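Structure first, then comments.
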Amino acid sequence: QVQLVESGGGLVQAGGSLRLSCAASGRTFSIYTMGWFRQAPGKERDLVSAIGWTGGNTYYADSVKGRFTISRDNARNTVYLQMNSLKPEDTAVYYCAAVRGAGFIIATMAHQYNYWGQGTQVTVSS
C-alpha cells in the first residue's frame, strides 16, 4: 500500500504561482511513477503531468506545457508540481496518484493508477 497526501493548494490570482506537494508513505516510493491529475466540476479527471521513478522521464498535458514543472525527491518520498502563470481554467481539484513501475512509458489514464491522494483545491481568480 502507498498512502499519498497532497498539500499546497489554495486561491491565487491569474498569473500567479503555486507549488503542490505530495508526500508518500508505505512501500518504496522510488519504484513508482507519480502523476498529478485534475478534475473540474462536471469534467473528467485528466492527467496534468507525470514523472518516472528516476525523474528523467516526464509527461505534460499540452495545456500546461511551459507553465508547470513536475519533480520528485525520492529521498523525501515527495513529488512536486510547480505551477506558474496560472489561468482561471486551471481551477480544479488536483490529485496525486501512483502506479508501480519505472515509467519508461508514462501511464496517462486515471484507471492505470493504483493509489490516490484525497485531492487539494486550486482556484485561480481572474
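How things are named: the first chain in the C-alpha cells is A, the next is B, and so on; residues count from 1 in each chain; ligands count from 1 in the order shown.
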
TODO: Please provide the set of residues having any atom within 12 Å of Thr54 in chain A, restricted to only C-alpha atoms, with same-chain residues fewer than 5 positions apart removed, written as a PyMOL selection string.
DONE: chain A and resi 29-34+71-75+79+101-104

Open item on the list: Env of range 35-51 of chain A: 9 Å cut, atoms = only C-alpha atoms, seq-sep filter 5 positions within chain, self excluded. Answer as a ChimeraX atom specification.
Closed with: /A:56-64,68-72,79-81,89-99,103,106-110,113,119

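With only C-alpha atoms as the atoms that count, the minimum distance from Arg100 in chain A to the choices A:Val12, A:Gly52, A:Gln118, A:Cys22 is reached by A:Gly52.
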
TODO: Enumerate, as a VMD selection string, the complete set of residues in range 13-111 of chain A that a backbone-based DSSP assignment places in strand (DSSP E or B).
DONE: chain A and resid 13 18 to 26 32 to 39 46 to 51 58 to 60 68 to 73 78 to 83 92 to 100

Open item on the list: So the first atom is CA of Lys87 in chain A and the second is CA of Gly55 in chain A; what is the distance between them in Å, to one decimal place?
Closed with: 26.2 Å

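Here the question is which of A:Leu20, A:Ile105, A:Glu6, A:Gln13 gets nearest to Trp53 in chain A using only C-alpha atoms, and that residue is A:Ile105.
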
Open item on the list: Just the number, please: distance in Å from CA of Thr78 in chain A to CA of Ser21 in chain A, one decimal.
Closed with: 6.7 Å

Open item on the list: What does the structure give for the distance between CA of Leu4 in chain A and CA of Arg19 in chain A, in Å to one decimal?
Closed with: 16.1 Å

Open item on the list: Give me, as a PyMOL selection string, all polymer residues having an atom no more than 9 Å from Gly26 in chain A, counting only C-alpha atoms and skipping those fewer than 2 positions away in the same chain.
Closed with: chain A and resi 1-4+24+28-29

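Between Leu18 in chain A and the candidates A:His111, A:Asn77, A:Trp116, A:Thr123, the tightest atom-to-atom separation, counting only C-alpha atoms, involves A:Thr123.
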